[in-house]
Amino acid sequence: MSESFDRAPGAGRGRGRGGAAPPGGAASESGGGARPGGSGSRSSGPAEGQQHHTGGLFPQQEPLRPPKTAPLCPGSAEHLQQTGVSSGSQDKVPVPDSGPEMDEPCVAVAPVVTSKLSAKAPEFYPSGYSQNFTDSSFDDRCDGYMTLAEYVQDFLNHLTEQPGCFETEIEQFAETLNGWVTADEALQELVELVYQQATSVPNFSYMGARLCNYLSHHLTINPQSGNFRQLLLQRCRTEYENRDEATKGDEATRKQFHAFVLFLAELYLNLEIKGTKGQVTRADILQEGLRELLNALLSNPVDSNLICAVKLLKLTGSVLEDTWKEKGKNDMEEVIQRIENVVLDANCSRDVKHMLLKLVELRSSNWGRYVHGTSPHTEATPENDPNYFMNEPTFYTSDGVPFTAADPDYQEKYQELLEREDFFPDYEENGTDLAGPGDPYFDDLDDGMDPEIEEAYEKFCLESEHKRKQ
């Protein structure tokens, strides 16, 4: 242990102070004489070994100074502390033991600091930062190894979470698809992905219809099996042909069918078809399909089917009626008549019946549309203006019951108020006398109290006086 113990040069000079030295220790130290040849150092080897064994490995003494051959620079300590290397690591620098090598200058090797950073480490994101769909351009996130299904599905999810990005990113999305979708199978896969997203994700039917309209005009592929719009309508026809079974199915089947109905309604409103002369029209086949879907829903008047029919008519009722009127058809009258029959005969819930009645009322008001100048100005009356009594004052009867002009007994109660005001013409509401002294009307009134009231008043005054004295 003593032979291999590393220490700094000059550290043996104070070892006599560390512990009990053997009697011959001083003699051997002095007997060595001068050190030109180093013989004195060699002869003291056994004595040093004995001293190390008796005094311990780390005797209590002053800290060892750094070697003169490798002085520390002023910022070395701070550098070691910043890099995480402890001061004790300096002891691990190999320094030759006492011997002939001590006469030769030795340069201490600085410790090698190994970094824990790696070029393969994952990218750092601060807390609360979302990695999904934050770039301005969606296509920049594609690394070239995504499949068509993965790319389209990621973009559909992106539109679901951030529908406001449709206008800025749809053009680049269509350009990418034009370079990718070059076969019939790829186009079929694209149609199916868009259809499933539009019918399975809530509130995506409108965005899905806009996406279908844009792709139908900007996808360049036109195979023999049909373009994007034709394949989409074929996919919708597959679901449309199962309408009777779907309306009679279980709850899950009906829910899926209702999502398809609302998506088809959005397609009818948003899918534009350009004619040969450049005019833009809607798909007549979708109009006919919506009429048959309404019949299927009303033919099975369960609550969920009726609610879907109400949503469909609120969404497309005005457009369908205008189109039918242009063609000279009264289909909307037939639909409204069926709804009224359902309200009278069907065993639906009270809330659903109320929804159907509100729908009939909405249609009677031209679907909530108002065209300026089409109807003459009429004076507001309680019959034609539901807000007629909104700004009327509220009165209270003698029992404290409130009533307004909309109350059926308003005229009778209001007449009572007028009579009371006529009986007290010169009094305000707070009882202030406006007539002044000497009015003959009030001079004739008897100011005396009823005996029973007078007795109660005296009793009240006595109790109040008694409580005040306590």
# chains A, B, ... in the order shown; residues from 1 in each chain; ligands from 1
$ residues_around --residues "Ser318 (chain A)" --least-positions-apart "5" --cutoff "8 Å" --atoms "only C-alpha atoms" --output "PyMOL selection string"
chain A and resi 313+366-367
$ select_by_dssp --residues "region 233-350 of chain A" --states "alpha helix (DSSP H)" --output "VMD selection string"
chain A and resid 233 to 240 243 to 247 251 to 270 284 to 299 303 to 326 331 to 345 350
$ atom_distance --atom1 "CA of Cys236 (chain A)" --atom2 "CA of Pro202 (chain A)"
17.8 Å
$ residues_around --residues "Phe260 (chain A)" --least-positions-apart "5" --cutoff "10 Å" --atoms "only C-alpha atoms" --output "list in words"
Tyr195, Gln196, Ala198, Thr199, Ser200, Ser205, Cys236, Glu239, Tyr240, Arg254, Lys255, Ala265 and Glu266 of chain A
$ write_last_selection --atoms "N, CA, C and O atoms" --output "compact mmCIF listing (two decimals), in the first residue's frame"
# COMPACT_ATOMS: atom_id res chain seq x y z
N TYR A 195 -64.91 9.65 -46.56
CA TYR A 195 -66.28 9.28 -46.20
C TYR A 195 -66.36 8.81 -44.74
O TYR A 195 -67.27 9.22 -43.99
N GLN A 196 -65.44 7.97 -44.32
CA GLN A 196 -65.45 7.47 -42.95
C GLN A 196 -65.24 8.60 -41.94
O GLN A 196 -65.88 8.62 -40.88
N ALA A 198 -66.05 11.74 -42.36
CA ALA A 198 -67.22 12.63 -42.36
C ALA A 198 -68.43 12.01 -41.69
O ALA A 198 -69.30 12.74 -41.18
N THR A 199 -68.52 10.69 -41.64
CA THR A 199 -69.69 10.03 -41.05
C THR A 199 -69.43 9.45 -39.67
O THR A 199 -70.38 8.99 -39.02
N SER A 200 -68.19 9.46 -39.23
CA SER A 200 -67.89 8.89 -37.91
C SER A 200 -67.43 9.92 -36.89
O SER A 200 -67.55 9.68 -35.69
N SER A 205 -69.08 16.71 -40.70
CA SER A 205 -69.83 16.54 -41.95
C SER A 205 -69.73 17.79 -42.83
O SER A 205 -69.57 17.68 -44.05
N CYS A 236 -71.85 6.74 -51.39
CA CYS A 236 -73.05 7.17 -50.68
C CYS A 236 -74.28 6.35 -51.11
O CYS A 236 -75.17 6.08 -50.28
N GLU A 239 -74.78 3.15 -49.04
CA GLU A 239 -75.44 3.35 -47.75
C GLU A 239 -76.90 3.75 -47.94
O GLU A 239 -77.76 3.38 -47.14
N TYR A 240 -77.18 4.46 -48.99
CA TYR A 240 -78.55 4.92 -49.24
C TYR A 240 -79.49 3.75 -49.51
O TYR A 240 -80.66 3.77 -49.10
N ARG A 254 -78.77 2.85 -36.30
CA ARG A 254 -79.48 4.10 -36.59
C ARG A 254 -78.57 5.31 -36.43
O ARG A 254 -78.64 6.26 -37.22
N LYS A 255 -77.72 5.28 -35.43
CA LYS A 255 -76.81 6.41 -35.22
C LYS A 255 -75.87 6.60 -36.39
O LYS A 255 -75.63 7.73 -36.86
N ALA A 265 -76.81 15.68 -46.58
CA ALA A 265 -77.41 17.01 -46.62
C ALA A 265 -76.35 18.10 -46.83
O ALA A 265 -76.56 19.04 -47.60
N GLU A 266 -75.21 17.96 -46.14
CA GLU A 266 -74.12 18.92 -46.32
C GLU A 266 -73.55 18.82 -47.74
O GLU A 266 -73.18 19.84 -48.35
$ residues_around --residues "Glu340 (chain A)" --least-positions-apart "6" --cutoff "9 Å" --atoms "only C-alpha atoms" --output "PyMOL selection string"
chain A and resi 356-357+360
$ residues_around --residues "region 343-350 of chain A" --least-positions-apart "2" --cutoff "12 Å" --atoms "only C-alpha atoms" --output "VMD selection string"
chain A and resid 298 to 307 336 to 341 352 to 360
